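Peer 1: This is the content of protein_37.cif (mmCIF, C-alpha atoms):
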```cif
data_work
loop_
_atom_site.label_atom_id
_atom_site.label_comp_id
_atom_site.auth_asym_id
_atom_site.auth_seq_id
_atom_site.Cartn_x
_atom_site.Cartn_y
_atom_site.Cartn_z
CA MET M 1 -9.40 35.04 7.65
CA LEU M 2 -9.25 33.70 11.22
CA THR M 3 -5.92 34.25 12.96
CA ASN M 4 -6.56 33.71 16.68
CA PRO M 5 -5.43 30.11 17.37
CA ARG M 6 -7.88 29.56 20.26
CA LEU M 7 -10.74 30.81 18.12
CA ILE M 8 -9.69 28.51 15.28
CA ALA M 9 -9.50 25.55 17.69
CA THR M 10 -12.94 26.43 19.06
CA HIS M 11 -14.52 26.39 15.60
CA ALA M 12 -12.68 23.17 14.71
CA LEU M 13 -13.95 21.37 17.82
CA ARG M 14 -17.51 22.52 17.19
CA ARG M 15 -17.38 21.08 13.67
CA VAL M 16 -16.18 17.71 14.94
CA ILE M 17 -18.29 17.41 18.11
CA TYR M 18 -21.57 18.93 16.91
CA GLN M 19 -21.42 18.62 13.13
CA SER M 20 -19.80 15.14 13.02
CA GLU M 21 -17.02 16.18 10.66
CA SER M 22 -13.76 14.26 10.55
CA LEU M 23 -10.94 15.92 12.48
CA SER M 24 -8.55 15.19 9.59
CA ASP M 25 -10.84 17.03 7.18
CA VAL M 26 -11.29 19.95 9.57
CA LEU M 27 -7.56 20.33 10.19
CA SER M 28 -6.84 20.31 6.44
CA ASP M 29 -8.56 23.73 6.10
CA SER M 30 -6.26 26.50 4.93
CA SER M 31 -7.09 28.62 8.00
CA ILE M 32 -5.24 26.01 10.05
CA GLN M 33 -2.59 24.87 7.60
CA ASP M 34 -1.49 28.47 6.94
CA CYS M 35 -1.55 29.51 10.60
CA ASP M 36 1.79 30.15 12.32
CA GLU M 37 0.47 28.34 15.40
CA LYS M 38 -0.75 25.24 13.56
CA ALA M 39 0.97 22.85 15.99
CA PHE M 40 -0.70 24.56 18.97
CA ILE M 41 -4.14 24.29 17.34
CA GLN M 42 -3.63 20.65 16.40
CA ASP M 43 -2.52 19.77 19.93
CA ILE M 44 -5.63 21.40 21.42
CA CYS M 45 -7.95 19.59 18.99
CA PHE M 46 -6.35 16.16 19.24
CA GLY M 47 -5.99 16.45 23.01
CA ASN M 48 -9.57 17.57 23.53
CA LEU M 49 -10.87 14.55 21.66
CA ARG M 50 -8.38 12.17 23.27
CA TYR M 51 -9.53 13.28 26.74
CA PHE M 52 -13.09 14.12 25.70
CA GLU M 53 -14.81 12.14 28.45
CA ILE M 54 -12.60 13.61 31.20
CA ILE M 55 -13.27 17.18 30.08
CA ASN M 56 -16.97 16.31 29.76
CA VAL M 57 -17.20 15.29 33.42
CA ILE M 58 -15.43 18.47 34.52
CA LEU M 59 -17.70 20.67 32.40
CA LYS M 60 -20.82 19.06 33.85
CA GLU M 61 -19.51 19.78 37.33
CA LEU M 62 -18.71 23.42 36.58
CA LEU M 63 -21.69 24.42 34.44
CA THR M 64 -24.92 24.89 36.38
CA LYS M 65 -26.92 24.07 33.22
CA PRO M 66 -26.06 23.00 29.65
CA LEU M 67 -25.52 25.75 27.11
CA LYS M 68 -28.06 26.22 24.31
CA ASN M 69 -27.30 24.86 20.85
CA LYS M 70 -26.59 28.35 19.52
CA ASP M 71 -23.91 28.74 22.22
CA LYS M 72 -22.04 25.48 21.69
CA ASP M 73 -19.12 27.60 20.49
CA ILE M 74 -18.79 28.86 24.08
CA GLU M 75 -18.81 25.27 25.33
CA CYS M 76 -16.04 24.41 22.85
CA LEU M 77 -14.12 27.51 23.97
CA LEU M 78 -14.35 26.21 27.55
CA ARG M 79 -12.94 22.90 26.32
CA VAL M 80 -10.04 24.81 24.76
CA GLY M 81 -9.40 26.60 28.05
CA LEU M 82 -9.65 23.48 30.21
CA TYR M 83 -7.30 21.53 27.96
CA GLN M 84 -4.67 24.27 28.31
CA LEU M 85 -4.98 24.27 32.09
CA ILE M 86 -4.85 20.49 32.46
CA TYR M 87 -2.52 19.28 29.74
CA GLN M 88 -0.46 22.14 28.31
CA ARG M 89 2.51 23.93 29.83
CA ILE M 90 0.98 27.38 29.61
CA PRO M 91 0.91 29.65 32.68
CA ASN M 92 -2.56 29.54 34.21
CA HIS M 93 -3.14 33.29 34.02
CA ALA M 94 -2.19 33.37 30.34
CA ALA M 95 -4.40 30.40 29.47
CA VAL M 96 -7.39 31.96 31.26
CA ASN M 97 -6.93 35.50 29.94
CA GLU M 98 -6.31 34.47 26.33
CA THR M 99 -9.28 32.10 26.35
CA VAL M 100 -11.58 34.73 27.87
CA SER M 101 -10.51 37.26 25.22
CA VAL M 102 -12.00 35.02 22.49
CA THR M 103 -15.52 35.78 23.77
CA LYS M 104 -15.14 39.31 22.40
CA ILE M 105 -14.16 38.02 18.97
CA LEU M 106 -17.18 35.70 19.05
CA LYS M 107 -19.29 38.80 19.84
CA LYS M 108 -20.68 37.13 22.92
CA LYS M 109 -19.59 39.50 25.66
CA TRP M 110 -22.24 38.03 27.99
CA SER M 111 -20.13 34.86 28.14
CA ARG M 112 -16.97 36.62 29.35
CA GLY M 113 -17.91 36.21 33.02
CA LEU M 114 -19.02 32.62 32.45
CA VAL M 115 -15.78 31.54 30.79
CA ASN M 116 -13.66 33.37 33.34
CA GLY M 117 -15.67 31.92 36.23
CA VAL M 118 -15.62 28.33 34.98
CA LEU M 119 -11.87 28.31 34.34
CA ARG M 120 -11.03 29.92 37.67
CA SER M 121 -13.39 27.55 39.50
CA PHE M 122 -11.50 24.67 37.92
CA LEU M 123 -8.17 26.06 39.14
CA ARG M 124 -9.52 26.30 42.70
CA ASP M 125 -10.81 22.70 42.77
CA GLN M 126 -8.73 21.01 40.10
CA ASP M 127 -7.43 18.13 42.25
CA LYS M 128 -10.94 17.13 43.32
CA LEU M 129 -12.40 17.61 39.83
CA LEU M 130 -9.66 15.62 38.10
CA ALA M 131 -9.94 12.80 40.64
CA LYS M 132 -13.69 12.55 40.02
CA ALA M 133 -13.26 12.70 36.25
CA ASN M 134 -10.60 10.00 36.24
CA GLN M 135 -12.75 7.81 38.47
CA GLN M 136 -15.76 8.09 36.15
CA THR M 137 -13.84 7.65 32.87
CA LYS M 138 -11.42 4.83 33.54
CA SER M 139 -11.33 3.68 29.92
CA ALA M 140 -11.92 7.01 28.12
CA LEU M 141 -13.66 4.92 25.42
CA PRO M 142 -17.37 4.76 24.55
CA PRO M 143 -19.09 2.01 26.60
CA TRP M 144 -20.20 0.08 23.49
CA LEU M 145 -16.65 -0.06 22.18
CA LEU M 146 -15.16 -1.04 25.53
CA GLN M 147 -17.67 -3.88 25.74
CA ARG M 148 -16.72 -5.17 22.28
CA ILE M 149 -13.00 -4.95 23.04
CA LYS M 150 -13.41 -6.82 26.34
CA LYS M 151 -15.38 -9.56 24.60
CA ALA M 152 -12.86 -9.94 21.77
CA TRP M 153 -9.63 -9.59 23.76
CA LEU M 154 -10.33 -10.76 27.31
CA ASN M 155 -6.66 -10.87 28.31
CA ASP M 156 -5.51 -7.79 26.39
CA TRP M 157 -8.29 -5.22 26.68
CA GLN M 158 -6.62 -3.16 29.39
CA ASP M 159 -3.44 -2.77 27.34
CA ILE M 160 -5.57 -1.83 24.31
CA VAL M 161 -7.36 0.87 26.32
CA ILE M 162 -4.09 2.34 27.58
CA ALA M 163 -2.55 2.35 24.09
CA SER M 164 -5.68 3.87 22.51
CA ASN M 165 -5.47 6.89 24.81
CA GLN M 166 -1.78 7.62 24.30
CA LYS M 167 -0.13 9.72 21.62
CA ALA M 168 1.14 7.60 18.75
CA PRO M 169 4.83 7.73 17.83
CA MET M 170 5.96 9.21 14.52
CA THR M 171 7.18 6.37 12.32
CA LEU M 172 8.87 6.64 8.94
CA ARG M 173 8.93 4.29 5.96
CA LEU M 174 12.29 4.28 4.23
CA ASN M 175 12.68 3.63 0.52
CA ILE M 176 15.36 0.95 0.88
CA ASN M 177 15.88 0.89 -2.88
CA GLN M 178 17.56 4.28 -2.52
CA ILE M 179 19.33 4.01 0.85
CA ASP M 180 19.87 1.38 3.53
CA ARG M 181 18.33 1.91 6.94
CA GLN M 182 21.54 2.36 8.92
CA SER M 183 22.76 5.04 6.53
CA TYR M 184 19.54 6.97 6.97
CA LEU M 185 19.70 6.58 10.75
CA ASP M 186 23.20 8.10 10.53
CA ARG M 187 21.77 11.04 8.57
CA LEU M 188 19.11 11.58 11.23
CA ASN M 189 21.73 11.42 13.95
CA ALA M 190 23.80 14.04 12.14
CA LYS M 191 20.79 16.37 12.42
CA ASP M 192 20.29 15.49 16.12
CA ILE M 193 17.06 13.62 15.35
CA ALA M 194 16.88 10.62 17.68
CA ALA M 195 15.44 7.48 16.06
CA ILE M 196 15.54 3.69 16.25
CA PRO M 197 14.86 0.90 13.73
CA VAL M 198 11.53 -0.87 14.24
CA GLN M 199 11.83 -4.56 15.08
CA TYR M 200 10.50 -7.07 12.53
CA SER M 201 10.31 -4.44 9.79
CA GLN M 202 12.71 -3.89 6.91
CA THR M 203 11.69 -0.31 6.26
CA ALA M 204 10.40 1.29 9.49
CA ILE M 205 12.15 3.89 11.64
CA GLN M 206 10.57 5.33 14.80
CA LEU M 207 11.41 8.87 15.92
CA ALA M 208 11.84 9.69 19.59
CA GLN M 209 9.82 12.87 19.02
CA ALA M 210 7.53 14.04 16.24
CA ARG M 211 9.17 16.43 13.79
CA ASP M 212 8.12 18.58 10.88
CA VAL M 213 8.49 16.31 7.84
CA TYR M 214 10.62 18.90 6.07
CA ASP M 215 13.22 18.58 8.84
CA LEU M 216 13.79 15.01 7.66
CA PRO M 217 16.68 14.43 5.25
CA GLU M 218 15.45 14.10 1.64
CA PHE M 219 11.78 13.91 2.58
CA GLU M 220 10.82 16.22 -0.27
CA ASN M 221 12.68 13.90 -2.67
CA GLY M 222 10.77 10.80 -1.59
CA LEU M 223 13.46 9.07 0.44
CA VAL M 224 11.10 8.62 3.40
CA SER M 225 7.38 8.80 4.12
CA VAL M 226 5.40 8.98 7.35
CA GLN M 227 3.60 5.67 7.91
CA ASP M 228 2.99 3.49 10.96
CA ALA M 229 4.99 0.26 11.01
CA ALA M 230 1.82 -1.86 11.06
CA ALA M 231 0.62 -0.27 7.82
CA GLN M 232 4.00 -0.92 6.21
CA TYR M 233 3.50 -4.69 6.41
CA ALA M 234 0.93 -4.45 3.58
CA GLY M 235 3.58 -3.88 0.92
CA GLN M 236 5.75 -6.62 2.39
CA ILE M 237 2.97 -9.25 2.60
CA LEU M 238 1.57 -8.49 -0.85
CA GLY M 239 4.80 -9.74 -2.42
CA CYS M 240 4.70 -7.90 -5.74
CA LYS M 241 7.16 -8.91 -8.46
CA THR M 242 8.49 -7.01 -11.46
CA GLY M 243 5.90 -6.25 -14.12
CA MET M 244 2.85 -7.31 -12.12
CA ARG M 245 -0.54 -5.66 -12.51
CA VAL M 246 -1.71 -4.45 -9.09
CA LEU M 247 -4.93 -2.93 -7.72
CA ASP M 248 -4.91 -0.75 -4.62
CA ALA M 249 -8.58 -0.57 -3.65
CA CYS M 250 -9.74 2.24 -1.34
CA ALA M 251 -6.31 3.75 -1.92
CA ALA M 252 -6.40 7.22 -0.33
CA PRO M 253 -4.34 8.86 1.04
CA GLY M 254 -1.83 6.79 -0.93
CA GLY M 255 0.73 5.64 1.62
CA LYS M 256 0.32 1.99 0.70
CA THR M 257 0.13 2.83 -3.01
CA GLY M 258 3.54 4.46 -2.81
CA HIS M 259 4.97 1.59 -0.79
CA ILE M 260 3.72 -0.98 -3.32
CA LEU M 261 5.48 0.90 -6.10
CA GLU M 262 8.69 0.89 -4.05
CA THR M 263 8.66 -2.90 -3.60
CA ALA M 264 9.21 -3.93 -7.25
CA GLU M 265 10.05 -2.46 -10.64
CA GLN M 266 7.75 -1.74 -13.59
CA LEU M 267 4.53 -2.35 -11.70
CA ASP M 268 1.26 -1.45 -13.40
CA VAL M 269 -0.65 -0.04 -10.42
CA THR M 270 -4.27 1.11 -10.41
CA ALA M 271 -5.37 3.12 -7.37
CA VAL M 272 -9.12 3.55 -6.84
CA ASP M 273 -10.93 5.73 -4.31
CA ASN M 274 -14.45 7.12 -4.26
CA LYS M 275 -13.60 10.68 -3.19
CA GLN M 276 -11.86 13.07 -5.57
CA GLN M 277 -10.38 15.21 -2.79
CA ARG M 278 -8.82 12.16 -1.14
CA LEU M 279 -7.56 10.90 -4.50
CA LYS M 280 -5.80 14.23 -4.95
CA ARG M 281 -3.70 13.33 -1.91
CA VAL M 282 -2.71 10.05 -3.61
CA ASP M 283 -1.46 12.06 -6.60
CA GLU M 284 0.47 14.43 -4.36
CA ASN M 285 2.13 11.57 -2.49
CA LEU M 286 3.09 9.81 -5.69
CA GLN M 287 4.56 12.98 -7.16
CA ARG M 288 6.79 13.42 -4.11
CA LEU M 289 7.88 9.78 -4.37
CA LYS M 290 8.45 10.18 -8.12
CA GLN M 291 6.12 7.24 -8.78
CA GLN M 292 3.18 6.76 -11.14
CA ALA M 293 -0.14 4.96 -10.88
CA ASN M 294 -3.44 5.04 -12.73
CA CYS M 295 -5.65 6.91 -10.23
CA ILE M 296 -9.40 6.48 -10.69
CA CYS M 297 -12.23 8.14 -8.75
CA ALA M 298 -15.01 5.55 -8.52
CA ASP M 299 -16.87 3.17 -6.25
CA VAL M 300 -14.36 0.34 -6.29
CA ALA M 301 -17.13 -2.26 -5.90
CA ASP M 302 -18.90 -1.00 -9.05
CA THR M 303 -16.33 -2.63 -11.29
CA ASP M 304 -18.33 -2.17 -14.51
CA LEU M 305 -17.63 1.56 -14.30
CA TRP M 306 -13.84 1.43 -14.11
CA TRP M 307 -12.36 -2.05 -14.74
CA ASN M 308 -11.01 -2.77 -18.24
CA GLN M 309 -11.43 -6.58 -17.93
CA ASN M 310 -7.66 -7.09 -17.57
CA PRO M 311 -7.23 -9.19 -14.36
CA PHE M 312 -4.81 -8.33 -11.58
CA ASP M 313 -1.89 -10.31 -10.17
CA ARG M 314 -2.25 -8.65 -6.78
CA ILE M 315 -5.06 -6.76 -5.04
CA LEU M 316 -4.77 -4.80 -1.83
CA LEU M 317 -8.19 -4.31 -0.25
CA ASP M 318 -7.64 -1.81 2.56
CA ALA M 319 -11.29 -2.12 3.52
CA PRO M 320 -13.41 0.68 5.02
CA CYS M 321 -13.63 -0.15 8.72
CA SER M 322 -14.33 1.12 12.23
CA ALA M 323 -10.69 2.30 12.54
CA THR M 324 -10.72 1.09 16.15
CA GLY M 325 -7.02 0.23 15.85
CA VAL M 326 -5.98 3.82 15.16
CA ILE M 327 -7.95 5.76 17.80
CA ARG M 328 -4.70 7.08 19.24
CA ARG M 329 -4.08 8.83 15.90
CA HIS M 330 -7.71 9.74 15.25
CA PRO M 331 -9.38 10.30 18.63
CA ASP M 332 -12.47 11.74 16.91
CA ILE M 333 -13.39 8.12 16.14
CA LYS M 334 -14.61 7.87 19.74
CA LEU M 335 -17.26 10.48 18.95
CA LEU M 336 -18.03 9.77 15.31
CA ARG M 337 -18.28 5.97 15.37
CA LYS M 338 -21.44 4.28 16.69
CA ASP M 339 -22.16 0.68 17.70
CA SER M 340 -24.67 0.35 14.85
CA ASP M 341 -21.92 1.24 12.34
CA ILE M 342 -20.21 -2.14 12.78
CA ALA M 343 -22.96 -4.19 11.12
CA ASN M 344 -23.14 -1.71 8.24
CA LEU M 345 -19.37 -1.85 7.80
CA GLN M 346 -19.45 -5.65 7.77
CA GLN M 347 -21.94 -5.61 4.90
CA LEU M 348 -19.84 -3.09 2.98
CA GLN M 349 -16.63 -5.07 3.52
CA GLN M 350 -18.24 -8.29 2.25
CA HIS M 351 -19.73 -6.45 -0.73
CA ILE M 352 -16.36 -5.04 -1.79
CA LEU M 353 -14.56 -8.34 -1.22
CA ARG M 354 -17.10 -10.24 -3.35
CA SER M 355 -16.94 -7.57 -6.07
CA LEU M 356 -13.15 -7.57 -6.35
CA TRP M 357 -12.55 -11.33 -6.22
CA PRO M 358 -13.49 -11.89 -9.91
CA LEU M 359 -10.84 -9.30 -10.91
CA LEU M 360 -8.02 -11.51 -9.61
CA LYS M 361 -6.05 -13.91 -11.81
CA ILE M 362 -5.92 -17.59 -10.93
CA GLY M 363 -2.77 -17.85 -8.83
CA GLY M 364 -3.09 -14.19 -7.91
CA ARG M 365 -3.33 -12.95 -4.34
CA LEU M 366 -5.63 -10.52 -2.53
CA LEU M 367 -4.57 -8.97 0.77
CA TYR M 368 -7.53 -8.07 2.97
CA ALA M 369 -6.52 -5.39 5.47
CA THR M 370 -8.22 -3.23 8.08
CA CYS M 371 -7.09 -0.87 10.83
CA SER M 372 -9.67 -2.47 13.13
CA ILE M 373 -9.21 -4.69 16.18
CA LEU M 374 -12.76 -6.09 16.06
CA PRO M 375 -13.05 -9.75 14.91
CA GLU M 376 -16.39 -9.01 13.23
CA GLU M 377 -14.55 -6.94 10.63
CA ASN M 378 -11.53 -9.19 10.38
CA GLU M 379 -11.26 -12.94 10.89
CA GLN M 380 -15.03 -13.42 10.89
CA GLN M 381 -15.23 -11.71 7.50
CA ILE M 382 -12.69 -14.10 6.02
CA ALA M 383 -14.47 -17.11 7.55
CA ALA M 384 -17.77 -15.97 5.99
CA PHE M 385 -16.11 -15.41 2.61
CA LEU M 386 -14.62 -18.92 2.62
CA VAL M 387 -18.05 -20.46 3.15
CA GLU M 388 -19.44 -18.98 -0.06
CA GLN M 389 -16.28 -18.87 -2.22
CA LYS M 390 -14.68 -22.21 -3.12
CA ASP M 391 -11.72 -20.98 -5.20
CA VAL M 392 -9.89 -19.47 -2.21
CA LYS M 393 -6.84 -20.60 -0.29
CA VAL M 394 -5.80 -18.71 2.84
CA CYS M 395 -2.04 -18.20 2.75
CA SER M 396 -0.09 -18.31 5.99
CA ILE M 397 1.56 -15.03 6.96
CA GLU M 398 4.86 -16.07 8.51
CA ALA M 399 5.93 -13.28 10.86
CA GLN M 400 7.13 -12.49 14.36
CA TRP M 401 4.75 -9.55 14.83
CA GLY M 402 1.13 -9.65 15.88
CA ILE M 403 -1.11 -12.56 16.84
CA PRO M 404 -1.55 -15.54 14.48
CA LEU M 405 -5.22 -16.45 13.99
CA GLN M 406 -6.91 -19.29 12.15
CA TYR M 407 -7.35 -16.85 9.27
CA GLY M 408 -4.84 -14.03 9.08
CA ARG M 409 -2.83 -12.11 11.62
CA GLN M 410 -3.89 -9.40 14.10
CA ILE M 411 -1.84 -6.55 15.57
CA LEU M 412 -3.45 -5.04 18.66
CA SER M 413 -3.22 -1.32 19.40
CA GLY M 414 0.13 -0.54 20.98
CA GLN M 415 1.80 -3.89 20.31
CA GLU M 416 5.45 -3.14 19.52
CA SER M 417 4.35 0.55 19.53
CA MET M 418 2.23 -0.09 16.41
CA ASP M 419 -1.32 0.74 15.41
CA GLY M 420 -3.97 -1.96 15.49
CA PHE M 421 -4.13 -3.77 12.12
CA TYR M 422 -5.44 -6.98 10.61
CA TYR M 423 -4.15 -8.84 7.54
CA ALA M 424 -5.40 -11.92 5.69
CA LEU M 425 -3.75 -13.11 2.45
CA LEU M 426 -6.02 -14.98 0.04
CA GLU M 427 -4.90 -16.84 -3.11
CA LYS M 428 -7.20 -17.66 -6.02
CA ILE M 429 -7.07 -21.35 -6.99
CA GLU M 430 -8.66 -23.43 -9.75
#
```
Show me this structure written as structure tokens.
Peer 2:
Amino acid sequence: MLTNPRLIATHALRRVIYQSESLSDVLSDSSIQDCDEKAFIQDICFGNLRYFEIINVILKELLTKPLKNKDKDIECLLRVGLYQLIYQRIPNHAAVNETVSVTKILKKKWSRGLVNGVLRSFLRDQDKLLAKANQQTKSALPPWLLQRIKKAWLNDWQDIVIASNQKAPMTLRLNINQIDRQSYLDRLNAKDIAAIPVQYSQTAIQLAQARDVYDLPEFENGLVSVQDAAAQYAGQILGCKTGMRVLDACAAPGGKTGHILETAEQLDVTAVDNKQQRLKRVDENLQRLKQQANCICADVADTDLWWNQNPFDRILLDAPCSATGVIRRHPDIKLLRKDSDIANLQQLQQHILRSLWPLLKIGGRLLYATCSILPEENEQQIAAFLVEQKDVKVCSIEAQWGIPLQYGRQILSGQESMDGFYYALLEKIE
């Protein structure tokens, strides 16, 4: 089992950068979760991907020629070393020596001089190198994405860029059926955990600094969950009432499923996701919250395989999307997402929306949600759906957060310290 944290981070980065694996999936490995220095590894991985373009420029300046494919682990090790020197409060000599020592574990002793030389060359010329890197990577976003953001949000794109490259705050969702918000804030204060209530939300609390969840009062008993404030509006907008039958489509990891169950009593909730491993996380979350739902592993759009012909009062469609509103939490999106993905995602979103609409009762409501800031996945999708579907009424979402649109409401990345999110509430009419 791997124990060296820099070696673990090196392997993790290689899997994301060169094997196109999700950072969340990579970090869920037991070698990381069971490591005493898990927080250190996570910071190196998240930071490397957040500042990927800056480190890229510096590497190109310091390496006389690109490394071969079989030696991309050495390139990722250099990324680990550079991140420590630029962004972490580790003494330079320790960062260099500890990083160089990993070459022996990798059984690539030839690279010892290379790694040592590159890192020490950076230290000699760091001001000049950082200035050049910052000049060349002003947005730290892929050019195709920056272009789309500028086109969609002409007056806001610079704020979106800044927010997308910052660390996201840790926000909690409080189960207000069990405790009121001020009482829980008092409990946090008693443990010297600084926090504030989130404006325009009934349930959200933002921490001044991220904490281990098990430091939080009654976390293990389901009193609070970790969930961005923007995502918490789903349960509020959906407006479930006692005894309703509810579908949470594309449910994993289950944060919104749990919130739905907290909003009303005796709900009959079905949670569907197409990946068994992700559905396991829904089960785990519900167990901690002491809630129950019918969890089904299936393609939610293939309704013949899982639907029992009993229509739903409410449907939450948290549609698969580009996730461009949550880059600050998932910086690997900048590497994994491509411009061509957007058209494919649009087709998938429309397919799921069309497939689920017949499952809704007349008078029932479907909440279409994405964590995207691109109109092609959001308001334009609803406009296209209205053209072909005549039994739809778009309900107004009365709120003080976000931007009201002709169809739905958009939160941009960083607005009120929230993630980027889109919501549109649709009611089925005769």
Peer 1: Would you list the residues near (-10.5, 26.1, 39.5) (no more than 12 Å away, in the coordinates of the file, using all atoms listed in the file) as a list in words?
Peer 2: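 Nearby residues: Ile58, Leu59, Glu61, Leu62, Gly81, Leu82, Leu85, Ile86, Asn92, His93, Val96, Val115, Asn116, Gly117, Val118, Leu119, Arg120, Ser121, Phe122, Leu123, Arg124, Asp125, Gln126, Asp127, Lys128, Leu129 and Leu130 of chain M.
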Peer 1: Go ahead and write the selection's residues with C-alpha atoms as an mmCIF file, in the frame of the given file.
Peer 2:
```cif
data_model
loop_
_atom_site.group_PDB
_atom_site.id
_atom_site.type_symbol
_atom_site.label_atom_id
_atom_site.label_comp_id
_atom_site.auth_asym_id
_atom_site.auth_seq_id
_atom_site.Cartn_x
_atom_site.Cartn_y
_atom_site.Cartn_z
ATOM 1 C CA ILE M 58 -15.430 18.470 34.520
ATOM 2 C CA LEU M 59 -17.700 20.670 32.400
ATOM 3 C CA GLU M 61 -19.510 19.780 37.330
ATOM 4 C CA LEU M 62 -18.710 23.420 36.580
ATOM 5 C CA GLY M 81 -9.400 26.600 28.050
ATOM 6 C CA LEU M 82 -9.650 23.480 30.210
ATOM 7 C CA LEU M 85 -4.980 24.270 32.090
ATOM 8 C CA ILE M 86 -4.850 20.490 32.460
ATOM 9 C CA ASN M 92 -2.560 29.540 34.210
ATOM 10 C CA HIS M 93 -3.140 33.290 34.020
ATOM 11 C CA VAL M 96 -7.390 31.960 31.260
ATOM 12 C CA VAL M 115 -15.780 31.540 30.790
ATOM 13 C CA ASN M 116 -13.660 33.370 33.340
ATOM 14 C CA GLY M 117 -15.670 31.920 36.230
ATOM 15 C CA VAL M 118 -15.620 28.330 34.980
ATOM 16 C CA LEU M 119 -11.870 28.310 34.340
ATOM 17 C CA ARG M 120 -11.030 29.920 37.670
ATOM 18 C CA SER M 121 -13.390 27.550 39.500
ATOM 19 C CA PHE M 122 -11.500 24.670 37.920
ATOM 20 C CA LEU M 123 -8.170 26.060 39.140
ATOM 21 C CA ARG M 124 -9.520 26.300 42.700
ATOM 22 C CA ASP M 125 -10.810 22.700 42.770
ATOM 23 C CA GLN M 126 -8.730 21.010 40.100
ATOM 24 C CA ASP M 127 -7.430 18.130 42.250
ATOM 25 C CA LYS M 128 -10.940 17.130 43.320
ATOM 26 C CA LEU M 129 -12.400 17.610 39.830
ATOM 27 C CA LEU M 130 -9.660 15.620 38.100
#
```
Peer 1: Might you spell out which residues the PyMOL selection byres ((chain M and resi 350-352) around 10) would select in the displayed file, as number ranges by chain?
Peer 2: M: 249-250, 299-303, 317, 319-320, 345-349, 353-357, 377, 381-382, 384-385
Peer 1: Find the residue from M:Leu412, M:Leu359, M:Val226, M:Ile397 that sits nearest to Arg245 (chain M); use all atoms listed in the file when measuring.
Peer 2: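 Using all atoms listed in the file, the shortest distance to Arg245 (chain M) belongs to M:Leu359.
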Peer 1: Counting all atoms listed in the file, which residues sit no farther than 12 Å from the position (-7.0, -6.6, 23.1) in the file's frame? I'd like them as a PyMOL selection string.
Peer 2: chain M and resi 145-164+324-325+372-375+402-403+410-415+420-421
Peer 1: Using the chain letters and numbers from the file, give me the residues hit by the PyMOL selection byres ((chain M and resi 173) around 10), as an MDAnalysis selection string.
Peer 2: chainID M and resid 171:172 174:176 181 201:206 223:229 231:232 255 259
Peer 1: I need the residues from that last selection saved to file as an mmCIF file, in the frame of the given file (with C-alpha atoms), if you can.
Peer 2:
```cif
data_model
loop_
_atom_site.group_PDB
_atom_site.id
_atom_site.type_symbol
_atom_site.label_atom_id
_atom_site.label_comp_id
_atom_site.auth_asym_id
_atom_site.auth_seq_id
_atom_site.Cartn_x
_atom_site.Cartn_y
_atom_site.Cartn_z
ATOM 1 C CA THR M 171 7.180 6.370 12.320
ATOM 2 C CA LEU M 172 8.870 6.640 8.940
ATOM 3 C CA LEU M 174 12.290 4.280 4.230
ATOM 4 C CA ASN M 175 12.680 3.630 0.520
ATOM 5 C CA ILE M 176 15.360 0.950 0.880
ATOM 6 C CA ARG M 181 18.330 1.910 6.940
ATOM 7 C CA SER M 201 10.310 -4.440 9.790
ATOM 8 C CA GLN M 202 12.710 -3.890 6.910
ATOM 9 C CA THR M 203 11.690 -0.310 6.260
ATOM 10 C CA ALA M 204 10.400 1.290 9.490
ATOM 11 C CA ILE M 205 12.150 3.890 11.640
ATOM 12 C CA GLN M 206 10.570 5.330 14.800
ATOM 13 C CA LEU M 223 13.460 9.070 0.440
ATOM 14 C CA VAL M 224 11.100 8.620 3.400
ATOM 15 C CA SER M 225 7.380 8.800 4.120
ATOM 16 C CA VAL M 226 5.400 8.980 7.350
ATOM 17 C CA GLN M 227 3.600 5.670 7.910
ATOM 18 C CA ASP M 228 2.990 3.490 10.960
ATOM 19 C CA ALA M 229 4.990 0.260 11.010
ATOM 20 C CA ALA M 231 0.620 -0.270 7.820
ATOM 21 C CA GLN M 232 4.000 -0.920 6.210
ATOM 22 C CA GLY M 255 0.730 5.640 1.620
ATOM 23 C CA HIS M 259 4.970 1.590 -0.790
#
```
Peer 1: I'd like the interatomic distance between CA of Pro5 (chain M) and CA of Phe46 (chain M), to a tenth of an Å.
Peer 2: 14.1 Å
Peer 1: Quick one: which residues end up in the PyMOL selection byres ((chain M and resi 141) around 10) for this structure, as a count of residues only?
Peer 2: 22
Peer 1: Let me make sure I understand: among M:Val102, M:Ala210, M:Val16, M:Leu216, which one has the smallest atom-to-atom distance to Ala39 (chain M) if we use only C-alpha atoms?
Peer 2: M:Ala210
Peer 1: Which of these, M:Ser322, M:Asn310, M:Asn48, M:Ser30, has the shortest distance to Thr370 (chain M) once you count all atoms listed in the file?
Peer 2: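 So, comparing all the options, the nearest one is M:Ser322.
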Peer 1: For Glu262 (chain M), which residue out of M:Arg79, M:Arg112, M:Lys132, M:Lys241 is the nearest one, using all atoms listed in the file?
Peer 2: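 When distances to Glu262 (chain M) are compared using all atoms listed in the file, the smallest one comes from M:Lys241.
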Peer 1: For CA of Gln277 (chain M) and CA of Lys256 (chain M), quote the distance in Å rounded to one decimal.
Peer 2: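 These atoms are spaced 17.4 Å apart.
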Peer 1: Given the choices M:Ser417, M:Asn285, M:Ser22, M:Gln84, which gets closest to Gly47 (chain M) if the distance is worked out from all atoms listed in the file?
Peer 2: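 Using all atoms listed in the file, Gly47 (chain M) sits closest to M:Gln84.
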Peer 1: In Å to one decimal, how far is CA of Ala252 (chain M) from CA of Arg278 (chain M)?
Peer 2: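 Going from CA of Arg278 (chain M) over to CA of Ala252 (chain M), I get 5.6 Å.
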